[in-house]
$ cat query16.cif   # mmCIF, C-alpha atoms and all ligand atoms
data_structure
#
loop_
_atom_site.group_PDB
_atom_site.id
_atom_site.type_symbol
_atom_site.label_atom_id
_atom_site.label_comp_id
_atom_site.auth_asym_id
_atom_site.auth_seq_id
_atom_site.Cartn_x
_atom_site.Cartn_y
_atom_site.Cartn_z
ATOM 1 C CA MET P 748 -85.942 -45.611 -33.618
ATOM 2 C CA ASN P 749 -83.052 -47.049 -31.618
ATOM 3 C CA HIS P 750 -82.610 -46.354 -27.944
ATOM 4 C CA PHE P 751 -79.316 -47.101 -26.190
ATOM 5 C CA ILE P 752 -80.240 -49.908 -23.831
ATOM 6 C CA THR P 753 -77.467 -52.426 -24.508
ATOM 7 C CA ILE P 754 -74.074 -52.036 -26.124
ATOM 8 C CA ASN P 755 -75.415 -54.108 -29.023
ATOM 9 C CA ASP P 756 -77.749 -51.237 -29.897
ATOM 10 C CA LEU P 757 -74.674 -49.631 -31.486
ATOM 11 C CA THR P 758 -73.163 -51.079 -34.656
ATOM 12 C CA ASP P 759 -69.392 -51.445 -34.845
ATOM 13 C CA GLU P 760 -69.317 -48.316 -37.001
ATOM 14 C CA GLU P 761 -71.361 -46.375 -34.434
ATOM 15 C CA VAL P 762 -69.084 -47.542 -31.598
ATOM 16 C CA MET P 763 -66.113 -46.138 -33.511
ATOM 17 C CA GLN P 764 -68.003 -42.881 -34.207
ATOM 18 C CA VAL P 765 -68.768 -42.486 -30.494
ATOM 19 C CA LEU P 766 -65.154 -43.218 -29.512
ATOM 20 C CA GLU P 767 -63.873 -40.711 -32.080
ATOM 21 C CA GLN P 768 -66.371 -38.098 -30.902
ATOM 22 C CA THR P 769 -65.233 -38.775 -27.330
ATOM 23 C CA ASN P 770 -61.665 -38.074 -28.394
ATOM 24 C CA ASP P 771 -62.759 -34.795 -29.990
ATOM 25 C CA TYR P 772 -64.566 -33.729 -26.839
ATOM 26 C CA ARG P 773 -61.586 -34.694 -24.699
ATOM 27 C CA HIS P 774 -59.316 -32.522 -26.821
ATOM 28 C CA HIS P 775 -61.859 -29.660 -26.960
ATOM 29 C CA THR P 776 -61.973 -29.366 -30.721
ATOM 30 C CA GLY P 777 -64.727 -27.148 -32.079
ATOM 31 C CA ASN P 778 -67.737 -25.500 -30.484
ATOM 32 C CA TYR P 779 -69.873 -28.226 -29.015
ATOM 33 C CA MET P 780 -72.650 -26.245 -27.292
ATOM 34 C CA ILE P 781 -76.026 -27.195 -28.762
ATOM 35 C CA ASP P 782 -77.778 -24.090 -30.093
ATOM 36 C CA LYS P 783 -81.287 -25.151 -29.069
ATOM 37 C CA GLN P 784 -83.133 -25.492 -25.761
ATOM 38 C CA LEU P 785 -83.174 -29.181 -24.790
ATOM 39 C CA PHE P 786 -83.998 -30.967 -21.548
ATOM 40 C CA ALA P 787 -82.520 -34.223 -20.265
ATOM 41 C CA ALA P 788 -84.366 -36.117 -17.526
ATOM 42 C CA ASN P 789 -82.005 -38.030 -15.255
ATOM 43 C CA LEU P 790 -84.133 -40.784 -13.744
ATOM 44 C CA PHE P 791 -81.951 -42.600 -11.237
ATOM 45 C CA PHE P 792 -84.016 -45.184 -9.363
ATOM 46 C CA GLU P 793 -80.849 -46.701 -7.880
ATOM 47 C CA PRO P 794 -77.922 -44.999 -6.120
ATOM 48 C CA SER P 795 -75.150 -43.632 -8.318
ATOM 49 C CA THR P 796 -72.290 -41.197 -7.890
ATOM 50 C CA ARG P 797 -70.150 -41.448 -11.054
ATOM 51 C CA THR P 798 -72.737 -42.139 -13.721
ATOM 52 C CA LYS P 799 -75.317 -39.655 -12.474
ATOM 53 C CA SER P 800 -72.863 -36.822 -11.909
ATOM 54 C CA SER P 801 -71.018 -37.383 -15.176
ATOM 55 C CA PHE P 802 -74.295 -37.319 -17.121
ATOM 56 C CA PHE P 803 -75.110 -33.994 -15.428
ATOM 57 C CA VAL P 804 -71.700 -32.556 -16.306
ATOM 58 C CA ALA P 805 -71.915 -33.922 -19.868
ATOM 59 C CA GLU P 806 -75.373 -32.418 -20.371
ATOM 60 C CA ARG P 807 -74.353 -29.011 -19.036
ATOM 61 C CA ARG P 808 -71.173 -28.954 -21.117
ATOM 62 C CA LEU P 809 -73.366 -29.500 -24.164
ATOM 63 C CA GLY P 810 -75.784 -26.765 -23.089
ATOM 64 C CA ILE P 811 -78.593 -29.230 -22.311
ATOM 65 C CA GLU P 812 -80.822 -28.322 -19.353
ATOM 66 C CA THR P 813 -80.871 -30.996 -16.658
ATOM 67 C CA LEU P 814 -84.031 -32.234 -14.976
ATOM 68 C CA ASP P 815 -83.174 -33.793 -11.641
ATOM 69 C CA PHE P 816 -85.252 -36.533 -10.093
ATOM 70 C CA ASP P 817 -85.038 -38.197 -6.738
ATOM 71 C CA THR P 818 -87.075 -41.228 -5.766
ATOM 72 C CA ASP P 819 -87.433 -40.005 -2.174
ATOM 73 C CA SER P 820 -88.939 -36.650 -3.107
ATOM 74 C CA SER P 821 -90.849 -37.623 -6.255
ATOM 75 C CA SER P 822 -94.249 -39.241 -6.772
ATOM 76 C CA VAL P 823 -92.500 -42.629 -6.803
ATOM 77 C CA LYS P 824 -93.113 -42.317 -3.049
ATOM 78 C CA LYS P 825 -96.861 -42.260 -3.833
ATOM 79 C CA GLY P 826 -96.642 -45.405 -5.941
ATOM 80 C CA GLU P 827 -95.904 -43.987 -9.404
ATOM 81 C CA SER P 828 -94.208 -46.561 -11.642
ATOM 82 C CA LEU P 829 -91.089 -46.176 -13.788
ATOM 83 C CA TYR P 830 -93.345 -46.275 -16.867
ATOM 84 C CA ASP P 831 -95.575 -43.426 -15.650
ATOM 85 C CA THR P 832 -92.565 -41.425 -14.474
ATOM 86 C CA ALA P 833 -90.978 -41.728 -17.922
ATOM 87 C CA LYS P 834 -94.240 -40.824 -19.702
ATOM 88 C CA THR P 835 -94.606 -37.819 -17.381
ATOM 89 C CA PHE P 836 -91.155 -36.455 -18.207
ATOM 90 C CA GLU P 837 -91.843 -36.983 -21.902
ATOM 91 C CA ALA P 838 -95.148 -35.091 -21.580
ATOM 92 C CA ILE P 839 -93.616 -32.095 -19.800
ATOM 93 C CA GLY P 840 -90.948 -31.643 -22.455
ATOM 94 C CA ALA P 841 -87.903 -33.825 -21.795
ATOM 95 C CA ASN P 842 -86.014 -34.527 -25.018
ATOM 96 C CA ILE P 843 -84.042 -37.523 -23.722
ATOM 97 C CA LEU P 844 -84.348 -39.906 -20.764
ATOM 98 C CA ILE P 845 -81.363 -41.231 -18.819
ATOM 99 C CA ILE P 846 -82.468 -44.207 -16.723
ATOM 100 C CA ARG P 847 -80.790 -46.236 -13.996
ATOM 101 C CA HIS P 848 -82.845 -49.033 -12.492
ATOM 102 C CA GLU P 849 -82.361 -52.193 -10.468
ATOM 103 C CA SER P 850 -84.346 -54.305 -12.953
ATOM 104 C CA ASP P 851 -83.421 -55.670 -16.392
ATOM 105 C CA GLU P 852 -87.088 -55.835 -17.360
ATOM 106 C CA TRP P 853 -88.219 -52.291 -18.156
ATOM 107 C CA ALA P 854 -86.395 -51.543 -21.376
ATOM 108 C CA ASN P 855 -88.545 -53.177 -24.057
ATOM 109 C CA MET P 856 -91.820 -51.978 -22.609
ATOM 110 C CA LEU P 857 -90.577 -48.398 -22.302
ATOM 111 C CA ALA P 858 -88.805 -48.388 -25.654
ATOM 112 C CA GLU P 859 -92.050 -49.263 -27.456
ATOM 113 C CA ASN P 860 -94.090 -46.582 -25.732
ATOM 114 C CA VAL P 861 -91.823 -43.560 -25.385
ATOM 115 C CA SER P 862 -91.126 -41.281 -28.347
ATOM 116 C CA ILE P 863 -87.879 -39.753 -27.136
ATOM 117 C CA PRO P 864 -84.481 -41.472 -26.892
ATOM 118 C CA ILE P 865 -83.647 -43.500 -23.783
ATOM 119 C CA VAL P 866 -80.124 -44.099 -22.482
ATOM 120 C CA ASN P 867 -79.551 -46.958 -20.059
ATOM 121 C CA ALA P 868 -77.347 -45.607 -17.249
ATOM 122 C CA GLY P 869 -76.962 -49.065 -15.687
ATOM 123 C CA ALA P 870 -79.735 -51.581 -15.159
ATOM 124 C CA GLY P 871 -80.112 -54.954 -13.476
ATOM 125 C CA THR P 872 -77.200 -57.362 -13.846
ATOM 126 C CA LYS P 873 -76.736 -57.268 -17.618
ATOM 127 C CA ASP P 874 -76.253 -53.812 -19.086
ATOM 128 C CA HIS P 875 -74.231 -50.687 -18.379
ATOM 129 C CA PRO P 876 -73.422 -49.622 -21.934
ATOM 130 C CA THR P 877 -71.896 -46.191 -21.259
ATOM 131 C CA GLN P 878 -69.562 -47.788 -18.689
ATOM 132 C CA SER P 879 -68.406 -50.313 -21.290
ATOM 133 C CA LEU P 880 -67.625 -47.495 -23.727
ATOM 134 C CA LEU P 881 -65.584 -45.575 -21.178
ATOM 135 C CA ASP P 882 -63.721 -48.740 -20.183
ATOM 136 C CA ALA P 883 -62.858 -49.440 -23.828
ATOM 137 C CA TYR P 884 -61.896 -45.815 -24.413
ATOM 138 C CA THR P 885 -59.572 -45.821 -21.374
ATOM 139 C CA ILE P 886 -57.821 -48.953 -22.658
ATOM 140 C CA TYR P 887 -57.577 -47.463 -26.153
ATOM 141 C CA GLN P 888 -56.137 -44.252 -24.689
ATOM 142 C CA GLU P 889 -53.461 -46.259 -22.904
ATOM 143 C CA PHE P 890 -52.387 -48.674 -25.623
ATOM 144 C CA GLY P 891 -53.550 -46.999 -28.850
ATOM 145 C CA GLU P 892 -55.605 -50.109 -29.646
ATOM 146 C CA VAL P 893 -57.771 -52.739 -27.996
ATOM 147 C CA LYS P 894 -57.303 -55.604 -30.444
ATOM 148 C CA ASP P 895 -55.383 -58.624 -29.107
ATOM 149 C CA LEU P 896 -54.880 -57.117 -25.646
ATOM 150 C CA LYS P 897 -55.401 -59.489 -22.744
ATOM 151 C CA VAL P 898 -58.068 -57.984 -20.491
ATOM 152 C CA THR P 899 -59.183 -59.850 -17.367
ATOM 153 C CA ILE P 900 -62.319 -58.968 -15.420
ATOM 154 C CA VAL P 901 -62.011 -60.082 -11.797
ATOM 155 C CA GLY P 902 -64.824 -60.098 -9.269
ATOM 156 C CA ASP P 903 -68.534 -60.664 -8.950
ATOM 157 C CA ILE P 904 -69.093 -61.649 -12.576
ATOM 158 C CA LYS P 905 -72.538 -63.129 -12.022
ATOM 159 C CA HIS P 906 -74.165 -59.981 -10.646
ATOM 160 C CA SER P 907 -72.148 -57.296 -12.455
ATOM 161 C CA ARG P 908 -73.681 -55.391 -15.358
ATOM 162 C CA VAL P 909 -70.229 -53.905 -16.004
ATOM 163 C CA ALA P 910 -68.772 -57.381 -16.494
ATOM 164 C CA HIS P 911 -71.455 -58.287 -19.020
ATOM 165 C CA SER P 912 -71.399 -55.050 -21.040
ATOM 166 C CA SER P 913 -67.646 -54.495 -20.992
ATOM 167 C CA ALA P 914 -66.744 -58.092 -21.828
ATOM 168 C CA GLU P 915 -69.101 -57.946 -24.810
ATOM 169 C CA LEU P 916 -67.768 -54.647 -26.158
ATOM 170 C CA LEU P 917 -64.106 -55.519 -25.592
ATOM 171 C CA LYS P 918 -64.638 -58.816 -27.445
ATOM 172 C CA ARG P 919 -66.213 -56.917 -30.350
ATOM 173 C CA LEU P 920 -63.161 -54.642 -30.416
ATOM 174 C CA GLY P 921 -60.884 -57.688 -30.656
ATOM 175 C CA ALA P 922 -59.595 -57.977 -27.072
ATOM 176 C CA ASN P 923 -58.789 -61.348 -25.557
ATOM 177 C CA VAL P 924 -61.221 -61.199 -22.617
ATOM 178 C CA ARG P 925 -60.882 -63.551 -19.641
ATOM 179 C CA LEU P 926 -62.812 -63.769 -16.366
ATOM 180 C CA CYS P 927 -61.742 -64.598 -12.815
ATOM 181 C CA THR P 928 -64.123 -65.235 -9.919
ATOM 182 C CA PRO P 929 -65.036 -67.768 -7.228
ATOM 183 C CA GLU P 930 -66.998 -70.765 -8.524
ATOM 184 C CA SER P 931 -70.308 -69.556 -7.080
ATOM 185 C CA LEU P 932 -70.032 -66.161 -8.807
ATOM 186 C CA LYS P 933 -69.456 -67.518 -12.329
ATOM 187 C CA ASP P 934 -72.025 -66.831 -15.026
ATOM 188 C CA ASP P 935 -72.220 -69.874 -17.298
ATOM 189 C CA SER P 936 -74.028 -67.873 -19.982
ATOM 190 C CA MET P 937 -70.806 -65.939 -20.633
ATOM 191 C CA THR P 938 -68.596 -67.579 -23.239
ATOM 192 C CA PHE P 939 -65.239 -66.351 -21.952
ATOM 193 C CA PRO P 940 -62.514 -68.480 -20.342
ATOM 194 C CA TYR P 941 -62.151 -68.399 -16.569
ATOM 195 C CA ILE P 942 -58.568 -68.142 -15.294
ATOM 196 C CA SER P 943 -56.934 -68.082 -11.862
ATOM 197 C CA ILE P 944 -56.052 -64.833 -10.098
ATOM 198 C CA ASP P 945 -52.350 -65.692 -10.405
ATOM 199 C CA GLU P 946 -52.612 -66.109 -14.170
ATOM 200 C CA ALA P 947 -54.692 -62.921 -14.351
ATOM 201 C CA VAL P 948 -52.107 -60.734 -12.627
ATOM 202 C CA LYS P 949 -49.140 -62.189 -14.508
ATOM 203 C CA THR P 950 -50.567 -62.171 -18.038
ATOM 204 C CA SER P 951 -53.063 -59.281 -18.309
ATOM 205 C CA ASP P 952 -52.431 -56.021 -20.118
ATOM 206 C CA ALA P 953 -55.404 -54.597 -18.235
ATOM 207 C CA ILE P 954 -57.009 -56.037 -15.142
ATOM 208 C CA MET P 955 -60.494 -54.794 -14.285
ATOM 209 C CA LEU P 956 -61.576 -55.305 -10.698
ATOM 210 C CA LEU P 957 -65.203 -55.373 -9.633
ATOM 211 C CA ARG P 958 -66.771 -54.950 -6.223
ATOM 212 C CA MET P 959 -69.057 -57.539 -4.649
ATOM 213 C CA GLN P 960 -72.606 -56.618 -5.642
ATOM 214 C CA HIS P 961 -73.991 -57.382 -2.191
ATOM 215 C CA GLU P 962 -77.302 -55.697 -2.972
ATOM 216 C CA ARG P 963 -77.960 -58.299 -5.686
ATOM 217 C CA HIS P 964 -76.945 -61.350 -3.667
ATOM 218 C CA THR P 965 -79.517 -63.779 -2.377
ATOM 219 C CA LYS P 966 -79.146 -65.333 1.066
ATOM 220 C CA SER P 967 -77.492 -68.382 -0.487
ATOM 221 C CA ALA P 968 -74.794 -66.378 -2.283
ATOM 222 C CA HIS P 969 -71.111 -67.180 -1.926
ATOM 223 C CA SER P 970 -69.449 -66.143 1.307
ATOM 224 C CA VAL P 971 -66.940 -63.409 0.569
ATOM 225 C CA ALA P 972 -64.945 -63.905 3.747
ATOM 226 C CA ASN P 973 -61.230 -63.917 2.852
ATOM 227 C CA TYR P 974 -62.054 -62.572 -0.620
ATOM 228 C CA HIS P 975 -59.161 -60.092 -0.510
ATOM 229 C CA ASP P 976 -56.632 -62.867 0.115
ATOM 230 C CA GLN P 977 -58.148 -65.246 -2.414
ATOM 231 C CA TYR P 978 -59.153 -62.922 -5.291
ATOM 232 C CA GLY P 979 -58.214 -59.371 -4.379
ATOM 233 C CA LEU P 980 -55.429 -57.337 -5.961
ATOM 234 C CA THR P 981 -53.024 -57.369 -3.019
ATOM 235 C CA LYS P 982 -49.713 -55.492 -2.920
ATOM 236 C CA GLU P 983 -47.927 -58.808 -3.501
ATOM 237 C CA ARG P 984 -49.999 -59.636 -6.574
ATOM 238 C CA GLU P 985 -49.533 -56.152 -8.033
ATOM 239 C CA LYS P 986 -45.763 -56.778 -8.066
ATOM 240 C CA GLU P 987 -46.393 -59.766 -10.360
ATOM 241 C CA MET P 988 -48.080 -57.610 -13.030
ATOM 242 C CA GLN P 989 -46.259 -56.805 -16.269
ATOM 243 C CA ASP P 990 -44.545 -53.408 -16.317
ATOM 244 C CA HIS P 991 -47.000 -51.922 -18.818
ATOM 245 C CA ALA P 992 -50.141 -53.428 -17.283
ATOM 246 C CA ILE P 993 -52.887 -51.158 -15.943
ATOM 247 C CA ILE P 994 -55.587 -51.431 -13.288
ATOM 248 C CA LEU P 995 -59.213 -50.529 -14.000
ATOM 249 C CA HIS P 996 -62.256 -50.432 -11.740
ATOM 250 C CA PRO P 997 -65.692 -49.004 -12.604
ATOM 251 C CA GLY P 998 -66.246 -47.871 -9.004
ATOM 252 C CA PRO P 999 -67.443 -47.632 -6.379
ATOM 253 C CA VAL P 1000 -64.341 -49.228 -4.848
ATOM 254 C CA ASN P 1001 -64.409 -51.243 -1.664
ATOM 255 C CA ARG P 1002 -60.829 -50.562 -0.581
ATOM 256 C CA GLY P 1003 -59.212 -53.528 1.098
ATOM 257 C CA VAL P 1004 -61.639 -56.027 -0.454
ATOM 258 C CA GLU P 1005 -61.175 -56.330 -4.244
ATOM 259 C CA ILE P 1006 -58.104 -54.051 -4.189
ATOM 260 C CA ASP P 1007 -55.564 -52.963 -1.601
ATOM 261 C CA SER P 1008 -56.326 -49.372 -0.634
ATOM 262 C CA ASN P 1009 -52.830 -48.177 -1.611
ATOM 263 C CA LEU P 1010 -53.225 -49.488 -5.154
ATOM 264 C CA VAL P 1011 -56.323 -47.407 -5.944
ATOM 265 C CA GLU P 1012 -54.113 -44.393 -6.698
ATOM 266 C CA CYS P 1013 -50.890 -46.197 -7.687
ATOM 267 C CA ASN P 1014 -49.042 -45.489 -10.957
ATOM 268 C CA ARG P 1015 -50.802 -48.280 -12.821
ATOM 269 C CA SER P 1016 -54.269 -47.291 -11.710
ATOM 270 C CA ARG P 1017 -56.493 -45.673 -14.321
ATOM 271 C CA ILE P 1018 -59.518 -45.644 -12.008
ATOM 272 C CA PHE P 1019 -59.881 -41.862 -11.828
ATOM 273 C CA LYS P 1020 -59.020 -41.551 -15.535
ATOM 274 C CA GLN P 1021 -62.022 -43.805 -16.218
ATOM 275 C CA MET P 1022 -64.264 -41.395 -14.312
ATOM 276 C CA GLN P 1023 -62.839 -38.427 -16.224
ATOM 277 C CA ASN P 1024 -63.402 -40.229 -19.529
ATOM 278 C CA GLY P 1025 -66.959 -41.007 -18.459
ATOM 279 C CA VAL P 1026 -67.949 -37.364 -18.961
ATOM 280 C CA PHE P 1027 -66.627 -37.267 -22.554
ATOM 281 C CA ILE P 1028 -68.163 -40.653 -23.388
ATOM 282 C CA ARG P 1029 -71.554 -39.463 -22.135
ATOM 283 C CA MET P 1030 -71.278 -36.226 -24.116
ATOM 284 C CA ALA P 1031 -70.603 -38.346 -27.216
ATOM 285 C CA VAL P 1032 -73.481 -40.742 -26.490
ATOM 286 C CA LEU P 1033 -75.903 -37.855 -25.961
ATOM 287 C CA THR P 1034 -74.962 -36.129 -29.210
ATOM 288 C CA HIS P 1035 -74.986 -39.427 -31.095
ATOM 289 C CA LEU P 1036 -78.535 -40.285 -30.009
ATOM 290 C CA LEU P 1037 -79.916 -36.752 -30.355
ATOM 291 C CA THR P 1038 -78.489 -36.596 -33.887
ATOM 292 C CA LYS P 1039 -79.774 -40.040 -34.802
ATOM 293 C CA TRP P 1040 -83.266 -39.074 -33.669
ATOM 294 C CA GLY P 1041 -83.114 -35.806 -35.655
ATOM 295 C CA ILE P 1042 -83.436 -33.722 -32.471
ATOM 296 C CA ILE P 1043 -80.203 -31.932 -33.367
ATOM 297 C CA ASN P 1044 -78.483 -31.821 -36.732
ATOM 298 C CA GLU P 1045 -74.997 -33.059 -37.525
ATOM 299 C CA ASN P 1046 -73.460 -29.614 -37.295
HETATM 300 N N1 LIG F 1101 -69.542 -47.167 -12.274
HETATM 301 C C1 LIG F 1101 -70.736 -46.779 -11.790
HETATM 302 O O1 LIG F 1101 -71.785 -47.088 -12.381
HETATM 303 O O2 LIG F 1101 -70.687 -46.054 -10.645
HETATM 304 P P1 LIG F 1101 -71.960 -45.382 -9.962
HETATM 305 O O3 LIG F 1101 -72.833 -46.514 -9.459
HETATM 306 O O4 LIG F 1101 -71.442 -44.524 -8.856
HETATM 307 O O5 LIG F 1101 -72.696 -44.609 -11.015
#
$ encode --input "query16.cif" --output "structure tokens"
Amino acid sequence: MNHFITINDLTDEEVMQVLEQTNDYRHHTGNYMIDKQLFAANLFFEPSTRTKSSFFVAERRLGIETLDFDTDSSSVKKGESLYDTAKTFEAIGANILIIRHESDEWANMLAENVSIPIVNAGAGTKDHPTQSLLDAYTIYQEFGEVKDLKVTIVGDIKHSRVAHSSAELLKRLGANVRLCTPESLKDDSMTFPYISIDEAVKTSDAIMLLRMQHERHTKSAHSVANYHDQYGLTKEREKEMQDHAIILHPGPVNRGVEIDSNLVECNRSRIFKQMQNGVFIRMAVLTHLLTKWGIINEN
């Protein structure tokens, strides 16, 4: 049975189903409370504000009971592994696992040995599939389509799971995806063109800014001194954007580094809209997986 570890775990048809379901949830059509006692275990091994809280809200809106977990007050402190933590929550009755982890390595091993659905809530440097869905949905909401739009992802491409997942999904939806970053933060495995920050601000329909992932940098990583002047969205650069162009950022934002603080809440910013959409996306992902696994029925 399929888990939701990478965005490629969803077919194109399933992506569209999830986006349509998201739209339904956003417009409050129908009764969406699940008429059955279910438990979701939210296993966040790495810090999170948006993803963790929006999964909690999504679960409660669907009537799913939430099982909290905190590495500092759990048996992780006594040496329990991610694998044994997941097996424990399965054994005590969780119906779905939501996992955030610093590593890219756990997914296959867990997926083969756990008999309830797993949702990746952001792992390592490669995958953050629910973020990519909410990014795509926010662009779709703005323009009514994604196909042929110029979307540029600017920032720490090499270490960003958002860059990898969102670029992949936006490409699948037909967007013209470009990347912009200092030489030392490029990821040569990504087959998207790199463009300058000046071209990015002048030609993009949507510009997605990323923070420096300092926690994933090695000692030899690129110096980010002067990053704001060289690659940040400054007030001067924002004036060069097309009238219809929008600003995205997955958060958390480092104001004054990748974006001028005043632009975070400017008219073009959809940063808080992304967070709002994250709840509806996660409701849709939860119902999609629970239905697919036969834990709830289609009605
Ligand atoms: N976008 C995102 O993943 O934010 P959090 O780390 O706060 O969940």
$ residues_near_ligand --input "query16.cif" --ligand "ligand LIG 1101 (chain F)" --cutoff "7 Å" --atoms "all atoms listed in the file" --output "MDAnalysis selection string"
chainID P and resid 794:799 869 878 997:999
$ closest_atom_pairs --input "query16.cif" --of "region 766-808 of chain P" --to "region 1027-1043 of chain P" --cutoff "9 Å" --atoms "all atoms listed in the file" --output "JSON lines"
{"residue": "P:Leu766", "atom": "CA", "partner": "P:Ile1028", "partner_atom": "CA", "distance": 7.3}
{"residue": "P:Glu767", "atom": "CA", "partner": "P:Ala1031", "partner_atom": "CA", "distance": 8.6}
{"residue": "P:Gln768", "atom": "CA", "partner": "P:Ala1031", "partner_atom": "CA", "distance": 5.6}
{"residue": "P:Thr769", "atom": "CA", "partner": "P:Phe1027", "partner_atom": "CA", "distance": 5.2}
{"residue": "P:Asn770", "atom": "CA", "partner": "P:Phe1027", "partner_atom": "CA", "distance": 7.7}
{"residue": "P:Asp771", "atom": "CA", "partner": "P:Phe1027", "partner_atom": "CA", "distance": 8.7}
{"residue": "P:Tyr772", "atom": "CA", "partner": "P:Phe1027", "partner_atom": "CA", "distance": 5.9}
{"residue": "P:Arg773", "atom": "CA", "partner": "P:Phe1027", "partner_atom": "CA", "distance": 6.1}
{"residue": "P:Ile781", "atom": "CA", "partner": "P:Ile1043", "partner_atom": "CA", "distance": 7.8}
{"residue": "P:Asp782", "atom": "CA", "partner": "P:Ile1043", "partner_atom": "CA", "distance": 8.8}
{"residue": "P:Lys783", "atom": "CA", "partner": "P:Ile1043", "partner_atom": "CA", "distance": 8.1}
{"residue": "P:Leu785", "atom": "CA", "partner": "P:Ile1042", "partner_atom": "CA", "distance": 8.9}
{"residue": "P:Thr798", "atom": "CA", "partner": "P:Arg1029", "partner_atom": "CA", "distance": 8.9}
{"residue": "P:Ser801", "atom": "CA", "partner": "P:Arg1029", "partner_atom": "CA", "distance": 7.3}
{"residue": "P:Phe802", "atom": "CA", "partner": "P:Arg1029", "partner_atom": "CA", "distance": 6.1}
{"residue": "P:Val804", "atom": "CA", "partner": "P:Met1030", "partner_atom": "CA", "distance": 8.6}
{"residue": "P:Ala805", "atom": "CA", "partner": "P:Met1030", "partner_atom": "CA", "distance": 4.9}
{"residue": "P:Glu806", "atom": "CA", "partner": "P:Met1030", "partner_atom": "CA", "distance": 6.7}
{"residue": "P:Arg808", "atom": "CA", "partner": "P:Met1030", "partner_atom": "CA", "distance": 7.9}
$ resolve_selection --input "query16.cif" --expression "the PyMOL selection byres (((chain P and resi 812) around 9) and not hetatm)" --output "short mmCIF file (atom, residue, chain, number, x, y, z; two decimals) with C-alpha atoms, in the coordinates of the input"
data_model
loop_
_atom_site.label_atom_id
_atom_site.label_comp_id
_atom_site.auth_asym_id
_atom_site.auth_seq_id
_atom_site.Cartn_x
_atom_site.Cartn_y
_atom_site.Cartn_z
CA GLN P 784 -83.13 -25.49 -25.76
CA LEU P 785 -83.17 -29.18 -24.79
CA PHE P 786 -84.00 -30.97 -21.55
CA ALA P 787 -82.52 -34.22 -20.26
CA ALA P 788 -84.37 -36.12 -17.53
CA PHE P 803 -75.11 -33.99 -15.43
CA GLU P 806 -75.37 -32.42 -20.37
CA ARG P 807 -74.35 -29.01 -19.04
CA LEU P 809 -73.37 -29.50 -24.16
CA GLY P 810 -75.78 -26.76 -23.09
CA ILE P 811 -78.59 -29.23 -22.31
CA THR P 813 -80.87 -31.00 -16.66
CA LEU P 814 -84.03 -32.23 -14.98
#
$ resolve_selection --input "query16.cif" --expression "the PyMOL selection byres (((chain P and resi 753) around 9) and not hetatm)" --output "list in words"
His750, Phe751, Ile752, Ile754, Asn755, Asp756, Leu757, Val866, Asn867, Lys873, Asp874, His875, Pro876, Thr877 and Ser912 of chain P
$ closest_residue --input "query16.cif" --among "P:Val909, P:Trp853, P:Ile994, P:Ser931" --to "Asp952 (chain P)" --atoms "all atoms listed in the file"
P:Ile994
$ residues_around --input "query16.cif" --residues "Lys918 (chain P)" --least-positions-apart "5" --cutoff "10 Å" --atoms "only C-alpha atoms" --output "list in words"
Val893, Lys894, Asp895, Val898, Ser913, Asn923, Val924, Arg925 and Phe939 of chain P
$ resolve_selection --input "query16.cif" --expression "the PyMOL selection byres (((chain P and resi 1019) around 12) and not hetatm)" --output "list in words"
Arg797, Leu881, Asp882, Thr885, Ile994, Leu995, His996, Pro997, Gly998, Pro999, Val1000, Val1011, Glu1012, Cys1013, Asn1014, Arg1015, Ser1016, Arg1017, Ile1018, Lys1020, Gln1021, Met1022, Gln1023, Asn1024, Gly1025 and Val1026 of chain P
$ atom_distance --input "query16.cif" --atom1 "CA of Ser821 (chain P)" --atom2 "CA of Phe792 (chain P)"
10.7 Å
